[in-house]
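Asks: Here you go, this is model_21.txt (compact mmCIF, C-alpha atoms).
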```
# COMPACT_ATOMS: atom_id res chain seq x y z
CA MET A 243 137.78 164.02 145.02
CA ASN A 244 135.43 161.07 144.83
CA ILE A 245 134.60 160.35 141.16
CA LEU A 246 132.11 157.52 141.79
CA PRO A 247 129.09 159.81 142.11
CA ILE A 248 130.09 161.54 138.89
CA ILE A 249 130.27 158.21 136.99
CA TRP A 250 126.93 157.21 138.42
CA LEU A 251 125.34 160.47 137.26
CA MET A 252 126.78 160.00 133.76
CA LEU A 253 125.36 156.49 133.51
CA CYS A 254 121.97 157.70 134.62
CA ALA A 255 122.12 160.52 132.09
CA SER A 256 123.01 158.09 129.31
CA GLU A 257 120.07 155.88 130.25
CA VAL A 258 117.78 158.91 130.14
CA VAL A 259 119.15 159.90 126.74
CA SER A 260 118.78 156.37 125.38
CA GLY A 261 115.23 156.31 126.56
CA GLN A 262 114.54 159.59 124.71
CA PHE A 263 115.68 158.35 121.28
CA GLN A 264 114.71 155.05 119.59
CA LEU A 265 115.06 153.62 116.09
CA GLN A 266 112.69 150.89 114.85
CA PRO A 267 112.92 148.24 113.58
CA GLU A 268 116.32 147.05 114.65
CA ASN A 269 116.33 144.51 111.78
CA LEU A 270 114.42 144.90 108.56
CA THR A 271 114.21 142.54 105.57
CA VAL A 272 112.51 143.76 102.41
CA LEU A 273 112.09 142.55 98.86
CA GLN A 274 114.02 144.18 96.09
CA GLY A 275 111.94 146.85 94.39
CA SER A 276 109.82 147.54 97.47
CA THR A 277 110.10 150.37 100.05
CA ALA A 278 112.04 150.13 103.31
CA ARG A 279 110.69 152.17 106.26
CA PHE A 280 112.41 153.16 109.52
CA THR A 281 110.96 155.20 112.37
CA ALA A 282 112.91 157.48 114.76
CA THR A 283 111.19 158.56 117.97
CA VAL A 284 112.69 161.53 119.84
CA GLN A 285 111.45 162.70 123.22
CA GLY A 286 112.75 166.24 123.78
CA LYS A 287 113.83 169.27 121.83
CA TRP A 288 115.93 168.65 118.75
CA GLU A 289 116.89 170.58 115.58
CA VAL A 290 118.67 168.35 113.00
CA MET A 291 118.49 164.58 112.19
CA THR A 292 120.77 162.78 109.73
CA TRP A 293 120.47 159.33 108.05
CA THR A 294 123.38 157.23 106.84
CA VAL A 295 123.10 154.06 104.66
CA ASN A 296 126.16 151.85 104.44
CA GLU A 297 128.31 154.64 105.85
CA LEU A 298 127.05 157.16 103.25
CA LEU A 299 125.11 160.21 104.37
CA VAL A 300 122.01 160.14 102.23
CA LEU A 301 119.55 162.52 103.98
CA THR A 302 119.31 165.45 106.38
CA PHE A 303 116.00 166.34 108.05
CA ARG A 304 115.20 169.44 110.18
CA VAL A 305 112.55 169.88 112.84
CA ASN A 306 110.84 172.53 110.71
CA GLY A 307 110.29 169.92 107.95
CA ASP A 308 113.07 170.89 105.58
CA MET A 309 114.83 167.92 103.93
CA SER A 310 117.84 167.42 101.70
CA SER A 311 118.76 164.01 100.16
CA SER A 312 121.48 162.70 97.94
CA GLU A 313 119.07 160.69 95.77
CA PRO A 314 115.34 160.82 95.09
CA GLN A 315 114.75 157.32 96.49
CA PHE A 316 115.55 158.58 100.01
CA GLY A 317 112.87 160.47 101.88
CA ALA A 318 111.78 161.57 105.35
CA GLY A 319 108.77 163.13 107.02
CA PHE A 320 106.78 163.33 110.24
CA CYS A 321 104.79 160.26 111.10
CA THR A 322 101.89 162.56 112.01
CA SER A 323 101.57 166.03 110.60
CA GLY A 324 102.68 168.66 113.12
CA VAL A 325 104.09 166.09 115.61
CA THR A 326 107.89 166.42 115.75
CA THR A 327 108.54 163.47 118.05
CA CYS A 328 108.28 160.85 115.27
CA VAL A 329 110.13 160.87 111.94
CA GLU A 330 109.82 158.21 109.19
CA PHE A 331 112.76 157.54 106.89
CA THR A 332 112.08 155.69 103.60
CA ILE A 333 114.11 154.06 100.84
CA SER A 334 111.90 153.53 97.82
CA ASN A 335 112.53 151.10 94.95
CA ILE A 336 115.23 149.54 97.01
CA THR A 337 117.97 147.44 95.50
CA ARG A 338 120.28 144.85 97.00
CA SER A 339 123.13 147.38 96.92
CA ARG A 340 121.38 149.25 99.73
CA ALA A 341 121.52 146.29 102.10
CA GLY A 342 123.65 146.89 105.20
CA THR A 343 123.51 149.28 108.13
CA VAL A 344 121.15 152.23 108.54
CA ILE A 345 122.21 154.87 111.11
CA CYS A 346 120.06 157.68 112.45
CA MET A 347 121.75 160.47 114.43
CA VAL A 348 120.06 163.38 116.24
CA GLN A 349 122.33 166.33 116.93
CA GLY A 350 122.74 167.36 120.54
CA ASP A 351 122.83 164.96 123.43
CA PHE A 352 120.66 162.25 121.75
CA GLY A 353 123.43 160.38 119.99
CA SER A 354 122.78 157.79 117.22
CA ARG A 355 121.00 154.49 116.68
CA THR A 356 121.71 151.67 114.17
CA SER A 357 119.48 149.15 112.35
CA ARG A 358 120.20 146.26 109.99
CA LEU A 359 118.73 146.26 106.47
CA ASP A 360 118.55 143.10 104.31
CA VAL A 361 117.26 143.05 100.75
CA GLU A 362 115.97 139.84 99.14
CA GLU A 363 115.29 139.10 95.50
CA SER A 364 112.66 136.85 93.94
CA GLY A 365 113.28 135.19 90.59
CA THR A 366 111.37 132.79 88.36
CA VAL A 367 109.65 129.43 88.98
CA ASN A 368 108.94 126.86 86.29
CA ILE A 369 107.89 123.20 86.22
CA LEU A 370 109.50 121.56 83.22
CA GLY A 371 107.47 119.57 80.71
CA GLY A 372 104.03 121.13 80.97
CA THR A 373 100.90 118.95 81.13
CA VAL A 374 101.65 115.32 81.95
CA MET A 375 99.63 112.32 80.70
CA VAL A 376 100.25 109.05 82.51
CA ALA A 377 98.57 105.71 83.16
CA GLU A 378 96.92 105.05 86.47
CA ASP A 379 99.29 104.10 89.30
CA GLN A 380 102.27 105.06 87.15
CA ARG A 381 105.30 106.70 88.75
CA VAL A 382 105.48 110.43 87.94
CA GLU A 383 108.56 112.62 88.27
CA LEU A 384 108.24 116.42 88.08
CA GLU A 385 111.13 118.87 88.03
CA CYS A 386 110.78 122.45 89.23
CA VAL A 387 113.51 124.97 88.43
CA THR A 388 113.92 128.42 90.04
CA SER A 389 116.47 131.02 88.98
CA GLY A 390 117.58 134.52 90.02
CA TRP A 391 116.70 134.25 93.72
CA PHE A 392 118.51 135.74 96.68
CA PRO A 393 118.90 134.15 99.07
CA SER A 394 118.19 130.55 98.03
CA PRO A 395 114.38 130.15 98.08
CA THR A 396 112.39 127.65 100.09
CA ILE A 397 110.65 125.15 97.80
CA SER A 398 107.40 123.31 98.55
CA TRP A 399 104.87 121.29 96.52
CA THR A 400 101.14 120.76 96.52
CA LEU A 401 98.99 118.10 94.82
CA GLY A 402 95.34 118.93 94.37
CA GLY A 403 95.76 121.85 96.77
CA ARG A 404 97.22 119.69 99.54
CA THR A 405 100.77 120.14 100.80
CA VAL A 406 103.09 117.29 99.81
CA ASP A 407 105.26 115.57 102.40
CA SER A 408 108.83 116.81 102.13
CA ASN A 409 110.02 113.19 101.92
CA LEU A 410 108.58 112.98 98.40
CA TYR A 411 110.83 115.64 96.89
CA ASN A 412 114.47 116.73 96.95
CA SER A 413 115.76 120.29 96.45
CA SER A 414 119.25 121.60 95.77
CA SER A 415 120.58 125.13 95.14
CA VAL A 416 123.56 126.41 93.18
CA ALA A 417 125.00 129.93 93.34
CA HIS A 418 124.92 131.70 90.01
CA GLY A 419 126.69 135.05 90.22
CA ASP A 420 125.10 137.02 93.06
CA SER A 421 121.90 134.89 93.05
CA PHE A 422 120.84 131.25 93.43
CA ASN A 423 119.27 128.69 91.12
CA THR A 424 117.33 125.87 92.76
CA THR A 425 116.11 122.54 91.38
CA SER A 426 113.43 120.45 93.11
CA VAL A 427 112.30 116.99 91.95
CA LEU A 428 108.96 115.54 93.08
CA THR A 429 108.23 111.82 92.72
CA PHE A 430 104.82 110.24 93.29
CA ARG A 431 102.33 107.73 91.86
CA ALA A 432 99.41 109.08 89.89
CA VAL A 433 96.00 107.79 90.97
CA ARG A 434 93.65 110.46 89.60
CA ASN A 435 93.59 113.69 87.61
CA THR A 436 95.14 116.45 89.69
CA THR A 437 97.13 119.68 89.64
CA ALA A 438 100.75 119.78 90.79
CA GLN A 439 102.10 123.11 92.01
CA CYS A 440 105.66 124.15 92.83
CA LEU A 441 106.00 127.11 95.20
CA ALA A 442 109.11 129.21 95.93
CA THR A 443 109.39 131.87 98.61
CA VAL A 444 111.75 133.98 100.69
CA THR A 445 111.18 135.76 104.02
CA SER A 446 110.05 139.07 102.61
CA LEU A 447 107.78 137.61 99.93
CA MET A 448 104.20 137.86 101.18
CA VAL A 449 102.78 135.47 98.56
CA PRO A 450 104.97 132.62 97.20
CA LYS A 451 105.67 132.47 93.51
CA SER A 452 104.44 129.27 91.87
CA SER A 453 104.20 127.19 88.73
CA SER A 454 101.52 124.57 88.02
CA VAL A 455 100.96 121.64 85.68
CA PHE A 456 97.94 119.40 85.18
CA ILE A 457 98.31 115.64 85.60
CA VAL A 458 95.98 113.64 83.34
CA VAL A 459 95.60 110.03 84.50
CA ASP A 460 94.39 107.37 82.08
CA PRO A 461 92.54 104.81 84.22
CA LYS A 462 93.63 101.23 83.61
CA PRO A 463 91.04 98.53 82.82
CA PRO A 464 89.51 97.04 85.95
CA ASP A 465 91.11 93.86 87.21
CA TRP A 466 88.33 91.28 87.30
CA THR A 467 90.60 88.42 88.40
CA VAL A 468 89.64 88.56 92.05
CA LEU A 469 85.96 89.02 91.30
CA ILE A 470 85.97 86.15 88.79
CA SER A 471 87.75 83.91 91.30
CA ILE A 472 85.16 84.69 93.94
CA VAL A 473 82.26 84.12 91.55
CA VAL A 474 83.75 80.84 90.29
CA SER A 475 84.37 79.65 93.84
CA PHE A 476 80.86 80.42 95.02
CA GLY A 477 79.38 79.12 91.76
CA GLY A 478 81.30 75.86 92.02
CA ALA A 479 80.25 75.43 95.65
CA ALA A 480 76.62 76.13 94.73
CA LEU A 481 76.70 73.63 91.83
CA LEU A 482 78.29 70.98 94.05
CA ALA A 483 75.63 71.54 96.69
CA LEU A 484 72.88 71.30 94.06
CA LEU A 485 74.45 68.12 92.67
CA ILE A 486 74.58 66.51 96.10
CA ILE A 487 71.00 67.52 96.83
CA GLY A 488 69.91 66.11 93.44
CA ILE A 489 71.66 62.79 94.06
CA VAL A 490 70.16 62.47 97.52
CA PHE A 491 66.71 63.31 96.18
CA CYS A 492 66.97 60.79 93.33
CA CYS A 493 68.18 58.05 95.66
CA LYS A 494 65.35 58.81 98.04
CA ARG A 495 62.76 58.66 95.25
CA ARG A 496 64.25 55.47 93.90
CA LYS A 497 64.24 53.92 97.34
CA GLU A 498 60.61 54.89 97.79
CA LYS A 499 59.67 53.31 94.45
CA GLN A 500 61.73 50.15 95.01
CA PRO A 501 59.73 47.61 97.13
CA SER A 502 61.28 45.95 100.08
CA TYR A 503 62.53 42.39 99.98
CA GLN A 504 59.48 41.11 101.85
CA ASN A 505 57.11 42.91 99.50
CA GLU A 506 58.91 41.43 96.52
CA ILE A 507 58.61 37.92 97.99
CA ARG A 508 54.96 38.54 98.67
CA ARG A 509 54.41 39.81 95.11
CA VAL A 510 56.16 36.78 93.57
CA ARG A 511 54.13 34.44 95.75
CA THR A 512 50.87 36.09 94.75
CA GLN A 513 51.72 35.95 91.06
CA SER A 514 52.70 32.30 91.44
CA GLN A 515 49.40 31.47 93.09
CA LEU A 516 47.45 33.24 90.40
CA SER A 517 49.29 31.49 87.57
CA GLY A 518 49.62 28.04 89.23
CA LEU A 519 47.47 24.92 88.96
CA SER A 520 44.04 24.78 90.51
CA PRO A 521 43.32 22.05 93.13
CA LEU A 522 42.94 18.56 91.82
CA GLY A 523 39.49 17.54 90.84
CA ARG A 524 38.42 21.06 89.98
CA ASN A 525 39.97 21.15 86.50
CA ARG A 526 38.28 18.90 84.07
CA GLY A 527 39.27 17.85 80.60
CA GLN A 528 37.25 19.21 77.78
CA VAL A 529 35.16 17.14 75.47
CA ASN A 530 37.21 15.68 72.70
CA ALA A 531 35.29 16.54 69.62
CA ALA A 532 37.36 14.16 67.53
CA TYR A 533 36.41 11.10 69.60
CA MET A 534 34.51 8.44 67.62
CA THR A 535 32.70 5.39 68.92
CA ASP A 536 33.17 1.95 67.58
CA ALA A 537 30.03 2.45 65.60
CA GLY A 538 31.45 5.56 64.09
CA VAL A 539 29.14 7.80 66.02
CA PRO A 540 30.66 10.90 67.47
CA HIS A 541 30.17 11.62 71.15
CA ALA A 542 27.49 13.96 72.21
CA ASP A 543 28.01 17.26 73.94
CA HIS A 544 27.03 15.65 77.17
CA ALA A 545 29.14 12.53 77.29
CA ASP A 546 27.76 11.44 80.62
CA GLY A 547 24.49 10.39 79.14
CA PRO A 548 23.81 7.21 77.02
CA ILE A 549 23.58 7.50 73.30
CA GLY A 550 21.75 4.78 71.41
CA GLY A 551 21.84 2.48 74.41
CA VAL A 552 25.54 2.70 74.64
CA SER A 553 27.14 4.37 77.57
CA TYR A 554 30.29 6.36 76.97
CA ILE A 555 32.75 7.26 79.61
CA GLN A 556 34.11 10.76 79.35
CA MET A 557 37.88 10.90 79.28
CA PRO A 558 39.77 13.80 80.45
CA ASP A 559 41.43 15.94 77.93
CA VAL A 560 44.97 14.70 77.91
CA VAL A 561 46.33 17.86 76.41
CA SER A 562 44.52 20.08 78.88
CA GLU A 563 45.41 17.88 81.84
CA ALA A 564 49.01 17.68 80.71
CA GLY A 565 49.19 21.44 80.41
CA ASP A 566 47.72 21.79 83.85
CA TYR A 567 50.20 19.29 85.12
CA TYR A 568 53.23 20.96 83.77
CA ARG A 569 52.05 24.33 84.90
CA GLY A 570 51.68 23.02 88.39
CA VAL A 571 54.99 21.28 88.58
CA TYR A 572 56.81 24.50 89.65
CA ASP A 573 55.28 26.72 92.22
CA PHE A 574 57.30 29.85 93.22
CA THR A 575 56.13 29.82 96.77
CA ASP A 576 59.38 28.83 98.39
CA ASP A 577 61.94 31.45 99.35
CA PHE A 578 64.78 29.25 98.13
CA GLY A 579 63.54 28.46 94.63
CA PRO A 580 60.98 26.42 92.79
CA ARG A 581 59.27 23.57 94.63
CA LYS A 582 58.24 20.34 92.90
CA HIS A 583 54.64 19.08 93.14
CA ARG A 584 53.52 15.67 92.38
CA HIS A 585 50.16 15.27 90.64
CA ALA A 586 48.33 12.11 89.87
CA THR A 587 46.51 11.88 86.62
CA MET A 588 43.71 9.43 86.47
CA VAL A 589 42.75 7.87 83.09
```
Can the structure in the file be given as structure tokens, please?

Replies:
Amino acid sequence: MNILPIIWLMLCASEVVSGQFQLQPENLTVLQGSTARFTATVQGKWEVMTWTVNELLVLTFRVNGDMSSSEPQFGAGFCTSGVTTCVEFTISNITRSRAGTVICMVQGDFGSRTSRLDVEESGTVNILGGTVMVAEDQRVELECVTSGWFPSPTISWTLGGRTVDSNLYNSSSVAHGDSFNTTSVLTFRAVRNTTAQCLATVTSLMVPKSSSVFIVVDPKPPDWTVLISIVVSFGGAALLALLIIGIVFCCKRRKEKQPSYQNEIRRVRTQSQLSGLSPLGRNRGQVNAAYMTDAGVPHADHADGPIGGVSYIQMPDVVSEAGDYYRGVYDFTDDFGPRKHRHATMV
């Protein structure tokens, strides 16, 4: 007897059966205290369905809707009222002790299906120290501590609502009993007032747990060194430029006021001519009022005329002529110094 066709028929039958019964999801992770939900879909006629958690039978469900469970936290029901092809199995207020395998079995030729259940636990998050007051540009170190988490949580930080680069903080976890405690240290430089936030999360946690502190930054006095240096540099350059311009201007004015060498020679010559002796014969001596004749008669105002039959010859004023002589001895008309003049005085 050839058994190959029989084996082939059995394999085909098993594929048909497996296609008629499904359990979803194959892997489920939930948070402790929440509700775990599994769905069994059966195509075909069935009567009884059983559910086992960690090898313990916890619930029996019949096609007519009757249910019996070992504990109130286990429940079952049709996904849609009156539709027997879909059954939902629930574990409410789940604890970590329920983590493991979940098996659904449909009596008859449907067999059983298995899913994996994982239960996570969220603990506390706290940034140590509270509000921080620092000077501007000062190095700040914040420590965030989480406790009572399973598994070890993922830690992240934000500053002012922006995610911090993971290079700025270090995180480490330590097992404590059946949970984990994690410490994360963030280091940065404060430049302005901001809010620092430490966030912890696990896979099943929809919204991360967080702790926040406010960073108050005391701005340091402005550094005027650079500005003062710039102002002094430009001020010094401006003053130097003004000084140079002033010197050039003064020299130019002085040069304009100072006569040239030729003008000076011309001026000296003119002054010499004006103060020098007049041509000979044009300067006459004045009448000597003290002159007396032999007869004791003073000379008249007009000495050229005869007085009492006696003719008097007018003599030049020696003092006046001498003064004119000495004034005319030096005449500053030569470029190389005074020039001597010879004058003849007639008596």

Asks: Have a look at CA of Arg358 (chain A) and CA of Ala318 (chain A) and let me know their distance in Å, one decimal.

Replies: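 For CA of Arg358 (chain A) relative to CA of Ala318 (chain A), the distance reads 18.1 Å.
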
Asks: Grab the CA of Arg381 (chain A) to CA of Thr429 (chain A) distance for me, in Å with one decimal place.

Replies: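 Here the two named atoms are 7.1 Å from each other.
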
Asks: Quick one: residues within 7 Å of region 439-442 of chain A, all atoms listed in the file, excluding same-chain residues fewer than 5 positions away - as a count of residues only?

Replies: 15

Asks: Separation of CA of Thr356 (chain A) and CA of Pro267 (chain A), in Å?

Replies: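 CA of Thr356 (chain A) sits 9.5 Å away from CA of Pro267 (chain A).
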
Asks: For Met375 (chain A), which of A:Arg340, A:Arg434, A:His418, A:Arg355 is the closest residue, counting all atoms listed in the file?

Replies: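 Closest to Met375 (chain A), using all atoms listed in the file: A:Arg434.
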
Asks: Go through A:Leu359, A:Ala483, A:Leu273, A:Met309 and flag the residue nearest Val444 (chain A), using only C-alpha atoms for the distances.

Replies: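 Of A:Leu359, A:Ala483, A:Leu273, A:Met309, the one nearest Val444 (chain A), counting only C-alpha atoms, is A:Leu273.
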
Asks: Which one of A:Leu481, A:Val468, A:Val374, A:Ile486 sits closest to Thr436 (chain A) if you count all atoms listed in the file?

Replies: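 Ranking A:Leu481, A:Val468, A:Val374, A:Ile486 by distance to Thr436 (chain A), first place goes to A:Val374.
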